[in-house]
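Next comes entry09.cif, a file with mmCIF, C-alpha atoms.
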data_run
#
loop_
_atom_site.label_atom_id
_atom_site.label_comp_id
_atom_site.auth_asym_id
_atom_site.auth_seq_id
_atom_site.Cartn_x
_atom_site.Cartn_y
_atom_site.Cartn_z
CA SER A 197 -50.30 14.74 -35.45
CA TYR A 198 -49.37 14.64 -31.76
CA ARG A 199 -49.51 10.84 -31.78
CA ALA A 200 -47.45 10.74 -34.97
CA ALA A 201 -44.82 12.98 -33.40
CA GLY A 202 -44.64 10.62 -30.44
CA TRP A 203 -44.08 7.65 -32.71
CA VAL A 204 -41.34 9.51 -34.56
CA ALA A 205 -39.58 10.33 -31.28
CA LYS A 206 -39.77 6.70 -30.16
CA LEU A 207 -38.49 5.55 -33.55
CA LYS A 208 -35.52 7.89 -33.37
CA SER A 209 -34.72 6.74 -29.84
CA PHE A 210 -34.91 3.12 -30.95
CA SER A 211 -32.65 3.86 -33.93
CA ALA A 212 -30.04 5.44 -31.67
CA LYS A 213 -30.04 2.34 -29.45
CA ILE A 214 -29.65 0.05 -32.46
CA VAL A 215 -26.69 2.11 -33.70
CA GLN A 216 -25.08 1.96 -30.25
CA LEU A 217 -25.58 -1.81 -30.14
CA LEU A 218 -24.04 -2.26 -33.60
CA LYS A 219 -21.15 0.03 -32.67
CA GLU A 220 -20.28 -2.00 -29.58
CA TRP A 221 -20.70 -5.24 -31.53
CA THR A 222 -18.40 -4.21 -34.38
CA GLU A 223 -15.77 -2.89 -31.98
CA ALA A 224 -15.73 -5.98 -29.75
CA PHE A 225 -16.20 -8.66 -32.44
CA PRO A 226 -15.12 -7.27 -35.83
CA TYR A 227 -14.40 -10.76 -37.16
CA ASP A 228 -18.13 -11.54 -37.02
CA PHE A 229 -18.45 -9.33 -40.10
CA GLN A 230 -15.54 -10.75 -42.06
CA ASP A 231 -17.63 -12.75 -44.52
CA GLU A 232 -19.73 -11.08 -47.19
CA LYS A 233 -23.06 -12.41 -45.90
CA ALA A 234 -22.63 -10.85 -42.45
CA MET A 235 -21.46 -7.57 -43.97
CA ALA A 236 -24.47 -7.52 -46.30
CA GLU A 237 -26.82 -8.05 -43.35
CA LEU A 238 -25.11 -5.24 -41.47
CA LYS A 239 -25.54 -2.90 -44.43
CA ALA A 240 -29.21 -3.84 -44.72
CA ILE A 241 -29.82 -3.09 -41.04
CA THR A 242 -27.96 0.22 -41.12
CA HIS A 243 -29.85 1.24 -44.26
CA ARG A 244 -33.18 0.71 -42.52
CA VAL A 245 -32.01 2.54 -39.43
CA THR A 246 -30.83 5.47 -41.53
CA GLN A 247 -34.28 5.78 -43.10
CA CYS A 248 -35.77 6.30 -39.64
CA ASP A 249 -33.76 9.48 -39.18
CA GLU A 250 -33.47 11.01 -42.63
CA GLU A 251 -34.05 14.57 -41.41
CA ASN A 252 -31.25 14.50 -38.84
CA GLY A 253 -27.87 13.29 -40.10
CA THR A 254 -26.62 12.21 -36.66
CA VAL A 255 -27.51 8.56 -37.11
CA LYS A 256 -26.16 8.48 -40.64
CA LYS A 257 -22.88 10.03 -39.50
CA ALA A 258 -22.55 7.56 -36.61
CA ILE A 259 -23.16 4.62 -38.96
CA ALA A 260 -20.57 5.93 -41.42
CA GLN A 261 -17.97 6.23 -38.64
CA MET A 262 -18.83 2.75 -37.35
CA THR A 263 -18.51 1.21 -40.81
CA GLN A 264 -15.19 2.93 -41.45
CA SER A 265 -13.77 1.76 -38.11
CA LEU A 266 -14.94 -1.78 -38.82
CA LEU A 267 -13.30 -1.85 -42.26
CA LEU A 268 -10.05 -0.46 -40.86
CA SER A 269 -10.05 -3.06 -38.09
CA LEU A 270 -10.65 -5.91 -40.53
CA ALA A 271 -7.96 -4.60 -42.87
CA ALA A 272 -5.42 -4.29 -40.05
CA ARG A 273 -6.06 -7.81 -38.81
CA SER A 274 -5.87 -9.17 -42.35
CA GLN A 275 -2.49 -7.50 -42.90
CA LEU A 276 -1.22 -8.82 -39.57
CA GLN A 277 -2.31 -12.32 -40.47
CA GLU A 278 -0.62 -12.12 -43.89
CA LEU A 279 2.59 -10.85 -42.30
CA ARG A 280 2.67 -13.64 -39.75
CA GLU A 281 1.93 -16.17 -42.47
CA LYS A 282 4.99 -14.96 -44.36
CA LEU A 283 7.12 -15.17 -41.22
CA ARG A 284 5.85 -18.62 -40.31
CA PRO A 285 8.81 -21.05 -40.43
CA PRO A 286 8.35 -23.88 -42.93
CA ALA A 287 7.80 -27.38 -41.64
CA ILE A 288 11.09 -29.24 -41.60
CA ASP A 289 11.64 -32.94 -41.23
CA LYS A 290 13.84 -33.17 -38.16
CA GLY A 291 15.15 -36.63 -38.97
CA PRO A 292 17.63 -38.22 -36.59
CA ILE A 293 18.75 -35.99 -33.74
CA LEU A 294 22.52 -35.67 -33.55
CA LYS A 295 24.32 -34.63 -30.40
CA THR A 296 26.51 -31.66 -31.17
CA LYS A 297 28.44 -29.42 -28.87
CA PRO A 298 27.55 -25.72 -29.03
CA PRO A 299 30.27 -23.40 -30.31
CA ALA A 300 32.52 -22.14 -27.56
CA ALA A 301 32.11 -18.55 -28.73
CA GLN A 302 28.31 -18.68 -28.45
CA LYS A 303 27.00 -16.66 -25.51
CA ASP A 304 24.34 -17.88 -23.14
CA ILE A 305 21.51 -15.73 -21.86
CA LEU A 306 23.57 -14.53 -18.90
CA GLY A 307 26.19 -13.22 -21.30
CA VAL A 308 23.53 -11.11 -23.03
CA CYS A 309 21.48 -10.00 -20.02
CA CYS A 310 22.34 -10.90 -16.45
CA ASP A 311 19.68 -8.74 -14.77
CA PRO A 312 16.42 -10.67 -14.13
CA LEU A 313 14.38 -7.46 -13.94
CA VAL A 314 15.58 -6.19 -17.32
CA LEU A 315 14.86 -9.53 -19.00
CA ALA A 316 11.45 -9.69 -17.32
CA GLN A 317 10.62 -6.22 -18.64
CA GLN A 318 11.66 -7.14 -22.17
CA LEU A 319 9.63 -10.35 -22.05
CA THR A 320 6.64 -8.36 -20.82
CA HIS A 321 6.91 -5.99 -23.79
CA ILE A 322 6.85 -8.97 -26.15
CA GLU A 323 3.99 -10.54 -24.19
CA LEU A 324 1.89 -7.38 -24.42
CA ASP A 325 2.51 -7.18 -28.15
CA ARG A 326 1.30 -10.76 -28.61
CA VAL A 327 -1.72 -10.33 -26.34
CA SER A 328 -2.79 -7.06 -27.98
CA SER A 329 -3.62 -8.93 -31.19
CA ILE A 330 -5.98 -11.35 -29.41
CA TYR A 331 -9.63 -10.31 -29.52
CA PRO A 332 -12.70 -11.67 -27.72
CA GLU A 333 -13.94 -13.44 -30.85
CA ASP A 334 -10.70 -15.45 -30.95
CA LEU A 335 -11.57 -16.94 -27.57
CA MET A 336 -15.21 -17.39 -28.55
CA GLN A 337 -14.12 -19.21 -31.70
CA ILE A 338 -12.15 -21.68 -29.61
CA VAL A 339 -14.96 -22.20 -27.10
CA SER A 340 -17.64 -22.62 -29.75
CA HIS A 341 -15.66 -25.35 -31.50
CA MET A 342 -14.46 -27.17 -28.40
CA ASP A 343 -15.04 -30.90 -28.59
CA SER A 344 -14.95 -32.44 -25.12
CA LEU A 345 -15.04 -35.95 -26.61
CA ASP A 346 -11.96 -35.37 -28.72
CA ASN A 347 -9.41 -34.35 -26.10
CA HIS A 348 -10.60 -30.72 -26.24
CA ARG A 349 -9.16 -30.25 -29.69
CA CYS A 350 -10.35 -27.19 -31.55
CA ARG A 351 -11.98 -27.77 -34.92
CA GLY A 352 -12.47 -24.10 -35.73
CA ASP A 353 -11.12 -22.20 -38.68
CA LEU A 354 -7.45 -21.48 -38.01
CA THR A 355 -7.72 -18.20 -39.90
CA LYS A 356 -10.10 -17.01 -37.20
CA THR A 357 -7.86 -18.13 -34.34
CA TYR A 358 -4.54 -17.16 -35.86
CA SER A 359 -3.69 -14.73 -33.08
CA LEU A 360 -4.13 -17.45 -30.48
CA GLU A 361 -2.05 -19.81 -32.57
CA ALA A 362 0.71 -17.19 -32.80
CA TYR A 363 0.58 -16.65 -29.04
CA ASP A 364 0.78 -20.40 -28.48
CA ASN A 365 3.85 -20.55 -30.74
CA TRP A 366 5.44 -17.72 -28.76
CA PHE A 367 4.83 -19.60 -25.51
CA ASN A 368 6.42 -22.74 -26.97
CA CYS A 369 9.43 -20.76 -28.20
CA LEU A 370 9.90 -19.18 -24.78
CA SER A 371 9.67 -22.58 -23.08
CA MET A 372 12.19 -23.98 -25.54
CA LEU A 373 14.53 -21.05 -24.91
CA VAL A 374 14.52 -21.66 -21.16
CA ALA A 375 15.01 -25.41 -21.56
CA THR A 376 17.81 -24.90 -24.08
CA GLU A 377 19.66 -22.37 -21.94
CA VAL A 378 19.53 -24.72 -18.95
CA CYS A 379 20.45 -27.91 -20.79
CA ARG A 380 23.30 -26.44 -22.81
CA VAL A 381 25.25 -25.66 -19.63
CA VAL A 382 27.63 -28.53 -18.92
CA LYS A 383 28.66 -27.97 -15.32
CA LYS A 384 26.06 -28.63 -12.63
CA LYS A 385 27.06 -25.53 -10.70
CA HIS A 386 26.48 -23.29 -13.70
CA ARG A 387 23.26 -25.12 -14.55
CA THR A 388 21.97 -24.45 -11.04
CA ARG A 389 22.84 -20.80 -11.46
CA MET A 390 20.93 -20.71 -14.75
CA LEU A 391 17.86 -22.25 -13.12
CA GLU A 392 17.99 -19.73 -10.30
CA PHE A 393 18.29 -16.93 -12.85
CA PHE A 394 15.13 -17.97 -14.69
CA ILE A 395 13.31 -18.39 -11.37
CA ASP A 396 14.25 -14.80 -10.56
CA VAL A 397 13.05 -13.71 -14.02
CA ALA A 398 9.72 -15.45 -13.43
CA ARG A 399 9.41 -13.74 -10.04
CA GLU A 400 10.09 -10.32 -11.59
CA CYS A 401 7.52 -11.03 -14.32
CA PHE A 402 4.98 -11.81 -11.61
CA ASN A 403 5.86 -8.65 -9.69
CA ILE A 404 5.23 -6.42 -12.71
CA GLY A 405 1.95 -8.14 -13.52
CA ASN A 406 3.03 -10.42 -16.34
#

Go through the file and emit its structure as structure tokens.
Amino acid sequence: SYRAAGWVAKLKSFSAKIVQLLKEWTEAFPYDFQDEKAMAELKAITHRVTQCDEENGTVKKAIAQMTQSLLLSLAARSQLQELREKLRPPAIDKGPILKTKPPAAQKDILGVCCDPLVLAQQLTHIELDRVSSIYPEDLMQIVSHMDSLDNHRCRGDLTKTYSLEAYDNWFNCLSMLVATEVCRVVKKKHRTRMLEFFIDVARECFNIGN
């Protein structure tokens, strides 16, 4: 009986470590359990672990909390992906590019915000919002599907790297905004001022850790 009690204690200790491992895994890489096969395997493992500690409900409670957090995380990311898919601009055939003068009443960026620090702070808020939706598995998905022989083009599932794609689109939009604001200024003196303004904005972004 003494030996049996020792085995039970070791089994409970092992079960607690397995639960902790699964908890950290599901929190760091929830997308690993997006498909039904992975979720079924997780349920099978947790069921076996629960049987090792039927008398004490601590393990069962921890597994229930872990599963609930995982489902909430997957649901939140799925809703975010659906929302961004709805907001994705449709592909438009640009056709021939016509040179048109901007309306005289249209304000440039300096007419909206002339303080580099304020603009840097606003850009940082947007940046943090974009970065907060990127998870470790997004980066792992890119790395695991990197093809060095094909100009480092990712062949992964875009649904699993959607947050990175959205962040890349944001970066392109920001670059286009800066280029547009500089190029739309006609006079060289004003264009130089615009360049200096964006340099100051970049410096302020760097100073606040963006």

Residue by residue, what does the PyMOL selection byres ((chain A and resi 256-260) around 9) grab here? Present the result as a PDB file with C-alpha atoms, in the coordinates of the input.
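The resulting out.pdb:
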ATOM      1  CA  VAL A 215     -26.690   2.110 -33.700  1.00  0.00           C
ATOM      2  CA  GLN A 216     -25.080   1.960 -30.250  1.00  0.00           C
ATOM      3  CA  LEU A 218     -24.040  -2.260 -33.600  1.00  0.00           C
ATOM      4  CA  LYS A 219     -21.150   0.030 -32.670  1.00  0.00           C
ATOM      5  CA  THR A 242     -27.960   0.220 -41.120  1.00  0.00           C
ATOM      6  CA  HIS A 243     -29.850   1.240 -44.260  1.00  0.00           C
ATOM      7  CA  VAL A 245     -32.010   2.540 -39.430  1.00  0.00           C
ATOM      8  CA  THR A 246     -30.830   5.470 -41.530  1.00  0.00           C
ATOM      9  CA  GLN A 247     -34.280   5.780 -43.100  1.00  0.00           C
ATOM     10  CA  ASP A 249     -33.760   9.480 -39.180  1.00  0.00           C
ATOM     11  CA  GLU A 250     -33.470  11.010 -42.630  1.00  0.00           C
ATOM     12  CA  ASN A 252     -31.250  14.500 -38.840  1.00  0.00           C
ATOM     13  CA  GLY A 253     -27.870  13.290 -40.100  1.00  0.00           C
ATOM     14  CA  THR A 254     -26.620  12.210 -36.660  1.00  0.00           C
ATOM     15  CA  VAL A 255     -27.510   8.560 -37.110  1.00  0.00           C
ATOM     16  CA  GLN A 261     -17.970   6.230 -38.640  1.00  0.00           C
ATOM     17  CA  MET A 262     -18.830   2.750 -37.350  1.00  0.00           C
ATOM     18  CA  THR A 263     -18.510   1.210 -40.810  1.00  0.00           C
ATOM     19  CA  GLN A 264     -15.190   2.930 -41.450  1.00  0.00           C
ATOM     20  CA  SER A 265     -13.770   1.760 -38.110  1.00  0.00           C
TER      21      SER A 265
END

Between CA of Leu266 in chain A and CA of Arg244 in chain A, what is the spacing in Å?
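Interatomic distance here is 18.8 Å.
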
Between CA of Phe225 in chain A and CA of Tyr331 in chain A, what distance in Å does the model show, to one decimal?
7.4 Å

Hits of the PyMOL selection byres ((chain A and resi 376) around 12) in this structure, as a ChimeraX atom specification
/A:298,304-305,368-375,377-382,387,390-391,394

Could you tell me which residues the PyMOL selection byres ((chain A and resi 401-403) around 12) returns for this structure, as a list in words?
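Given this file, the PyMOL selection byres ((chain A and resi 401-403) around 12) evaluates to Pro312, Leu313, Val314, Leu315, Ala316, Gln317, Gln318, Leu319, Thr320, His321, Glu323, Phe394, Ile395, Asp396, Val397, Ala398, Arg399, Glu400, Ile404, Gly405 and Asn406 of chain A.
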
Report, in Å with one decimal, the straight-line distance from CA of Pro332 in chain A to CA of Ala224 in chain A.
6.8 Å

Complete range 251-264 of chain A at the level of N, CA and C atoms, written as a CSV table (one decimal), keeping the file's coordinate frame.
chain,number,residue,atom,x,y,z
A,251,GLU,N,-34.1,13.1,-41.6
A,251,GLU,CA,-34.0,14.6,-41.4
A,251,GLU,C,-32.8,15.0,-40.7
A,252,ASN,N,-32.4,14.2,-39.6
A,252,ASN,CA,-31.2,14.5,-38.8
A,252,ASN,C,-30.1,13.6,-39.3
A,253,GLY,N,-29.0,14.1,-39.6
A,253,GLY,CA,-27.9,13.3,-40.1
A,253,GLY,C,-27.0,12.7,-39.0
A,254,THR,N,-27.4,12.7,-37.8
A,254,THR,CA,-26.6,12.2,-36.7
A,254,THR,C,-26.4,10.7,-36.8
A,255,VAL,N,-27.6,10.0,-37.0
A,255,VAL,CA,-27.5,8.6,-37.1
A,255,VAL,C,-26.7,8.1,-38.3
A,256,LYS,N,-26.9,8.8,-39.4
A,256,LYS,CA,-26.2,8.5,-40.6
A,256,LYS,C,-24.7,8.7,-40.4
A,257,LYS,N,-24.3,9.8,-39.8
A,257,LYS,CA,-22.9,10.0,-39.5
A,257,LYS,C,-22.3,9.0,-38.6
A,258,ALA,N,-23.0,8.6,-37.5
A,258,ALA,CA,-22.6,7.6,-36.6
A,258,ALA,C,-22.4,6.2,-37.3
A,259,ILE,N,-23.3,5.9,-38.2
A,259,ILE,CA,-23.2,4.6,-39.0
A,259,ILE,C,-22.0,4.7,-39.9
A,260,ALA,N,-21.7,5.8,-40.5
A,260,ALA,CA,-20.6,5.9,-41.4
A,260,ALA,C,-19.3,5.8,-40.6
A,261,GLN,N,-19.2,6.4,-39.5
A,261,GLN,CA,-18.0,6.2,-38.6
A,261,GLN,C,-17.8,4.8,-38.2
A,262,MET,N,-18.9,4.1,-37.8
A,262,MET,CA,-18.8,2.8,-37.4
A,262,MET,C,-18.4,1.8,-38.5
A,263,THR,N,-18.9,2.0,-39.7
A,263,THR,CA,-18.5,1.2,-40.8
A,263,THR,C,-17.0,1.4,-41.2
A,264,GLN,N,-16.6,2.7,-41.1
A,264,GLN,CA,-15.2,2.9,-41.4
A,264,GLN,C,-14.2,2.3,-40.4
